[in-house]
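J.: Sending over a structure as structure tokens; questions will come in a sec.
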Amino acid sequence: MESTGIVVAFYVLSAMTVMSALSVFLMRNLVHAIVFLVLSFIGMAGLFVTLSADFIAVAQILIYAGAISVLLVFAVMLTPLASRNNGNSLYAAPGLLLGAAIAAIVVFTAIDVEWNELTGTALEERAFLDTISGIGDLLLGRYILAFEVASVLLLFALLGAIVLVTDRGEVDTEAEAEDGASGAVAADDAV
Amino acid sequence: MTITLAHYLAVSGLVFGIGVAIALSKRNVVAVLMGVELMLNASNLAFLAFSRFSGAFQEGTEPLAGHTFVVFVLTVAAAEAAVALAMAVLIYRRRETVDLDRISVLRW
């Protein structure tokens, strides 16, 4: 990983990722924070590409930058009366301290430890030419049980989300329907 | 100038710390979920960096196992986001708020 392109790409992408993550913390408007979160996800996908993880990078853009951010925007839009304020809670100081402490510990450990890592030509040889077939082999081979459990997890998450947001109270829906009807009548009267 | 494993782990640690700070100190439920997503993302970066750089893989153990684990993390993240945001919408319907300072009791 010595070529100038990789070095420049790493620094640009990591600056983009970390700065966008910081902006998620600093933004005062929740929707702006979501935009910076998407930017951070895209920078992270670029870092995955520099690690020659092509499939994961594409999946990252599809799932995180695409699906999860749309889900977050939906959650914001479905709670219209709640404030768009991205402010801190009453207990912000301990959370900030803990976050800074964890970041410091991980960074100093990463720098201090003598990692058993590949360098030079061995590292060049490790570069994955084709990750998709390897991931597929592992998913349907050694990790088949985890794969099936993940599918069950997805099924139950789907069911759970549907069950949670479904309005089952028939009385409530009738009351809402009546509200809607009376509202329409009131609107007609106003006209 | 060489990019080593430590560089990637440092970026991962920074993003994870920012995620922890967001998840613990934001008032809005959606913002807290954004912090959790950042933490999961940082762990993905660490997995992929070890998978690319580590010389500790024995003969016959695939370095791509890290990629496989990231696939599972993505799955769990998607499931968690779907259920947690459904819960946020449910709380909003009952309480007209998603402010965590005002949803501080376990039963009401």
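The way I read the labels, and the way they are meant: chains A, B, ... in the order of the structure tokens, residue 1 as the first residue of every chain, and ligand 1 as the first ligand shown, with later ones counted on from there.
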At a cut-off of 9 Å, using only C-alpha atoms, what residues contact range 70-73 of chain B? Leave out same-chain residues fewer than 5 positions from it and give the result as an MDAnalysis selection string.

T.: (chainID A and resid 56 59 135 146:147 150) or (chainID B and resid 40:41 43:45 47:48 65 78)

J.: Could those residues be written to a file, using N, CA and C atoms, as a PDB file, in the first residue's frame?

T.:
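Result file is result.pdb:
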```
ATOM      1  N   ILE A  56     -18.321  -5.845  -0.673  1.00  0.00           N
ATOM      2  CA  ILE A  56     -18.796  -5.204   0.557  1.00  0.00           C
ATOM      3  C   ILE A  56     -19.019  -3.717   0.328  1.00  0.00           C
ATOM      4  N   ALA A  59     -22.287  -3.372  -1.421  1.00  0.00           N
ATOM      5  CA  ALA A  59     -23.362  -3.678  -0.474  1.00  0.00           C
ATOM      6  C   ALA A  59     -23.528  -2.541   0.526  1.00  0.00           C
ATOM      7  N   ILE A 135     -16.751 -15.208  -0.979  1.00  0.00           N
ATOM      8  CA  ILE A 135     -17.767 -14.953   0.049  1.00  0.00           C
ATOM      9  C   ILE A 135     -18.928 -15.940  -0.120  1.00  0.00           C
ATOM     10  N   ALA A 146     -24.926 -20.002  10.245  1.00  0.00           N
ATOM     11  CA  ALA A 146     -25.118 -18.571  10.512  1.00  0.00           C
ATOM     12  C   ALA A 146     -25.947 -17.918   9.408  1.00  0.00           C
ATOM     13  N   PHE A 147     -25.741 -18.382   8.181  1.00  0.00           N
ATOM     14  CA  PHE A 147     -26.498 -17.843   7.045  1.00  0.00           C
ATOM     15  C   PHE A 147     -27.992 -18.084   7.235  1.00  0.00           C
ATOM     16  N   ALA A 150     -29.354 -15.981   9.988  1.00  0.00           N
ATOM     17  CA  ALA A 150     -29.532 -14.601   9.536  1.00  0.00           C
ATOM     18  C   ALA A 150     -30.829 -14.448   8.750  1.00  0.00           C
TER      19      ALA A 150
ATOM     20  N   LEU B  40     -21.509   0.373  14.043  1.00  0.00           N
ATOM     21  CA  LEU B  40     -21.467  -0.873  13.259  1.00  0.00           C
ATOM     22  C   LEU B  40     -20.553  -0.709  12.046  1.00  0.00           C
ATOM     23  N   ASN B  41     -20.619   0.465  11.432  1.00  0.00           N
ATOM     24  CA  ASN B  41     -19.790   0.734  10.265  1.00  0.00           C
ATOM     25  C   ASN B  41     -18.310   0.703  10.620  1.00  0.00           C
ATOM     26  N   SER B  43     -16.916  -0.970  13.013  1.00  0.00           N
ATOM     27  CA  SER B  43     -16.495  -2.358  13.229  1.00  0.00           C
ATOM     28  C   SER B  43     -16.302  -3.058  11.892  1.00  0.00           C
ATOM     29  N   ASN B  44     -17.135  -2.747  10.896  1.00  0.00           N
ATOM     30  CA  ASN B  44     -16.949  -3.331   9.564  1.00  0.00           C
ATOM     31  C   ASN B  44     -15.589  -2.964   9.001  1.00  0.00           C
ATOM     32  N   LEU B  45     -15.189  -1.702   9.173  1.00  0.00           N
ATOM     33  CA  LEU B  45     -13.899  -1.269   8.643  1.00  0.00           C
ATOM     34  C   LEU B  45     -12.767  -2.047   9.317  1.00  0.00           C
ATOM     35  N   PHE B  47     -12.946  -5.076  10.622  1.00  0.00           N
ATOM     36  CA  PHE B  47     -12.981  -6.447  10.088  1.00  0.00           C
ATOM     37  C   PHE B  47     -12.263  -6.533   8.747  1.00  0.00           C
ATOM     38  N   LEU B  48     -12.606  -5.602   7.844  1.00  0.00           N
ATOM     39  CA  LEU B  48     -12.034  -5.667   6.497  1.00  0.00           C
ATOM     40  C   LEU B  48     -10.540  -5.372   6.526  1.00  0.00           C
ATOM     41  N   ALA B  65     -12.997 -14.746   5.439  1.00  0.00           N
ATOM     42  CA  ALA B  65     -13.939 -14.913   6.546  1.00  0.00           C
ATOM     43  C   ALA B  65     -14.349 -13.558   7.116  1.00  0.00           C
ATOM     44  N   ALA B  78     -29.412  -3.934   9.260  1.00  0.00           N
ATOM     45  CA  ALA B  78     -30.671  -3.635   8.570  1.00  0.00           C
ATOM     46  C   ALA B  78     -31.855  -4.048   9.429  1.00  0.00           C
TER      47      ALA B  78
END
```

J.: Val165 in chain A: which residues within 6 Å, counting only C-alpha atoms, same-chain residues fewer than 2 positions away excluded, as a PyMOL selection string?

T.: (chain A and resi 162-163) or (chain B and resi 86)

J.: Just the selected residues (N, CA and C atoms), exported as a JSON list (two decimals), in the first residue's frame, please.

T.:
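Below you can see again24.json, which holds the result:
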```
[["chain", "number", "residue", "atom", "x", "y", "z"],
["A", 162, "ILE", "N", -43.65, -4.94, 11.07],
["A", 162, "ILE", "CA", -45.05, -4.83, 10.62],
["A", 162, "ILE", "C", -46.00, -4.85, 11.81],
["A", 163, "VAL", "N", -45.74, -5.82, 12.75],
["A", 163, "VAL", "CA", -46.63, -5.94, 13.90],
["A", 163, "VAL", "C", -46.59, -4.68, 14.76],
["B", 86, "ALA", "N", -39.38, 1.29, 13.76],
["B", 86, "ALA", "CA", -40.79, 0.99, 14.01],
["B", 86, "ALA", "C", -41.15, 1.32, 15.45]]
```

J.: Any idea what the distance is between CA of Ala53 in chain A and CA of Met34 in chain B?

T.: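 Between CA of Ala53 in chain A and CA of Met34 in chain B the gap is 23.7 Å.
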
J.: In Å to one decimal, how far is CA of Val76 in chain A from CA of Val31 in chain A?

T.: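 Result for CA of Val31 in chain A versus CA of Val76 in chain A: 7.8 Å, one decimal.
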
J.: Please provide the set of residues having any atom within 10 Å of Ala46 in chain B, restricted to only C-alpha atoms, with same-chain residues fewer than 4 positions apart removed, written as a list in words.

T.: Leu5, Ala6, Tyr8, Leu9, Ala10, Val11, Ser12, Gly13, Asn41, Ala42, Phe50, Ser51, Arg52, Gly66 and Val70 of chain B

J.: Would you put the residues from that selection into a file with N, CA and C atoms, as a tab-separated table (two decimals), in the first residue's frame?

T.:
```
chain	number	residue	atom	x	y	z
B	5	LEU	N	-1.96	-1.31	8.67
B	5	LEU	CA	-3.15	-1.71	9.41
B	5	LEU	C	-3.53	-0.68	10.46
B	6	ALA	N	-2.48	-0.08	11.11
B	6	ALA	CA	-2.75	0.87	12.19
B	6	ALA	C	-3.55	2.06	11.70
B	8	TYR	N	-5.83	2.18	9.32
B	8	TYR	CA	-7.25	1.82	9.19
B	8	TYR	C	-7.89	1.65	10.57
B	9	LEU	N	-7.14	1.04	11.50
B	9	LEU	CA	-7.71	0.84	12.83
B	9	LEU	C	-7.93	2.18	13.53
B	10	ALA	N	-7.05	3.15	13.27
B	10	ALA	CA	-7.23	4.47	13.88
B	10	ALA	C	-8.51	5.13	13.36
B	11	VAL	N	-8.72	5.06	12.04
B	11	VAL	CA	-9.95	5.64	11.48
B	11	VAL	C	-11.16	4.94	12.07
B	12	SER	N	-11.07	3.60	12.15
B	12	SER	CA	-12.18	2.83	12.71
B	12	SER	C	-12.47	3.25	14.15
B	13	GLY	N	-11.41	3.43	14.94
B	13	GLY	CA	-11.60	3.82	16.33
B	13	GLY	C	-12.21	5.20	16.45
B	41	ASN	N	-20.62	0.46	11.43
B	41	ASN	CA	-19.79	0.73	10.26
B	41	ASN	C	-18.31	0.70	10.62
B	42	ALA	N	-17.96	1.29	11.77
B	42	ALA	CA	-16.56	1.30	12.19
B	42	ALA	C	-16.06	-0.12	12.42
B	50	PHE	N	-8.40	-6.04	9.00
B	50	PHE	CA	-7.71	-7.24	9.46
B	50	PHE	C	-7.69	-8.31	8.38
B	51	SER	N	-8.82	-8.43	7.66
B	51	SER	CA	-8.90	-9.44	6.61
B	51	SER	C	-7.87	-9.17	5.52
B	52	ARG	N	-7.60	-7.89	5.24
B	52	ARG	CA	-6.66	-7.54	4.17
B	52	ARG	C	-5.22	-7.65	4.64
B	66	GLY	N	-13.42	-12.57	7.11
B	66	GLY	CA	-13.76	-11.24	7.58
B	66	GLY	C	-14.87	-10.62	6.75
B	70	VAL	N	-18.68	-9.40	7.81
B	70	VAL	CA	-19.26	-8.09	7.50
B	70	VAL	C	-20.64	-8.24	6.87
```

J.: Select, from B:Thr68, B:Ile103, B:Gly19, B:Leu33, the residue with the minimum atom-to-atom distance to Leu71 in chain A, counting only C-alpha atoms.

T.: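 Going through B:Thr68, B:Ile103, B:Gly19, B:Leu33 one by one, the smallest distance to Leu71 in chain A is for B:Leu33.
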
J.: Report as a ChimeraX atom specification: the residues of range 16-87 of chain B with a DSSP assignment of helix (DSSP H, G or I), based on the backbone of this structure.

T.: /B:16-25,29-53,65-87

J.: Could you state the separation of CA of Phe108 in chain A and CA of Leu13 in chain A in Å, given to one decimal place?

T.: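 Between CA of Phe108 in chain A and CA of Leu13 in chain A the gap works out to 20.8 Å.
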
J.: Just want the 12 Å neighbourhood of His32 in chain A, counted on only C-alpha atoms, with same-chain residues fewer than 2 positions away dropped. Output as a short mmCIF file (atom, residue, chain, number, x, y, z; two decimals) with N, CA and C atoms, in the first residue's frame.

T.:
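Output contents, as saved in selection_20.cif:
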```cif
data_model
loop_
_atom_site.label_atom_id
_atom_site.label_comp_id
_atom_site.auth_asym_id
_atom_site.auth_seq_id
_atom_site.Cartn_x
_atom_site.Cartn_y
_atom_site.Cartn_z
N SER A 20 -17.43 13.89 8.29
CA SER A 20 -18.88 13.76 8.17
C SER A 20 -19.48 13.19 9.43
N ALA A 21 -18.79 12.21 10.05
CA ALA A 21 -19.31 11.64 11.29
C ALA A 21 -19.35 12.72 12.37
N SER A 23 -19.73 15.88 11.81
CA SER A 23 -20.82 16.79 11.46
C SER A 23 -22.16 16.23 11.89
N VAL A 24 -22.31 14.88 11.85
CA VAL A 24 -23.55 14.29 12.34
C VAL A 24 -23.77 14.70 13.79
N PHE A 25 -22.67 14.76 14.55
CA PHE A 25 -22.79 15.17 15.95
C PHE A 25 -23.10 16.66 16.06
N LEU A 26 -22.48 17.47 15.20
CA LEU A 26 -22.54 18.92 15.39
C LEU A 26 -23.77 19.57 14.77
N MET A 27 -24.36 18.94 13.73
CA MET A 27 -25.47 19.57 13.03
C MET A 27 -26.65 19.80 13.98
N ARG A 28 -27.30 20.95 13.80
CA ARG A 28 -28.43 21.26 14.67
C ARG A 28 -29.74 20.71 14.11
N ASN A 29 -29.78 20.46 12.80
CA ASN A 29 -31.00 19.98 12.16
C ASN A 29 -30.86 18.50 11.86
N LEU A 30 -31.86 17.73 12.22
CA LEU A 30 -31.78 16.28 12.10
C LEU A 30 -31.63 15.84 10.65
N ILE A 34 -28.67 13.60 8.81
CA ILE A 34 -28.83 12.38 8.01
C ILE A 34 -28.02 12.49 6.71
N VAL A 35 -28.02 13.68 6.11
CA VAL A 35 -27.25 13.88 4.87
C VAL A 35 -25.76 13.62 5.14
N PHE A 36 -25.25 14.14 6.27
CA PHE A 36 -23.83 13.92 6.56
C PHE A 36 -23.57 12.45 6.90
N LEU A 37 -24.56 11.78 7.49
CA LEU A 37 -24.40 10.35 7.76
C LEU A 37 -24.23 9.59 6.45
N VAL A 38 -25.02 9.94 5.44
CA VAL A 38 -24.89 9.28 4.14
C VAL A 38 -23.52 9.55 3.54
N LEU A 39 -23.03 10.78 3.69
CA LEU A 39 -21.70 11.12 3.19
C LEU A 39 -20.64 10.27 3.90
N SER A 69 -30.59 4.87 5.16
CA SER A 69 -30.80 6.32 5.23
C SER A 69 -32.23 6.67 4.83
N LEU A 72 -34.23 6.09 7.82
CA LEU A 72 -34.09 7.17 8.80
C LEU A 72 -34.92 8.39 8.39
N VAL A 73 -34.89 8.73 7.10
CA VAL A 73 -35.68 9.88 6.63
C VAL A 73 -37.17 9.60 6.85
N VAL A 76 -38.04 10.20 10.39
CA VAL A 76 -38.15 11.63 10.69
C VAL A 76 -39.47 12.18 10.16
N ARG A 84 -37.34 18.78 14.98
CA ARG A 84 -36.24 18.38 14.10
C ARG A 84 -34.90 18.70 14.75
N ASN A 85 -34.96 19.02 16.03
CA ASN A 85 -33.77 19.45 16.73
C ASN A 85 -32.85 18.25 17.01
N ASN A 86 -31.59 18.37 16.64
CA ASN A 86 -30.62 17.31 16.88
C ASN A 86 -29.79 17.63 18.11
N ALA B 31 -31.55 10.14 16.01
CA ALA B 31 -30.13 10.48 16.10
C ALA B 31 -29.35 9.40 16.83
#
```

J.: Would you list the contacts of Val20 in chain B as a list of chain:residue names, taking every protein, DNA or RNA residue within 7 Å and counting only C-alpha atoms, but skipping same-chain residues closer than 2 positions in sequence?

T.: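 Surrounding residues, per the criterion: A:Gly99, B:Phe16, B:Gly17, B:Ile18, B:Ile22, B:Ala23, B:Leu24, B:Gly35, B:Met39.
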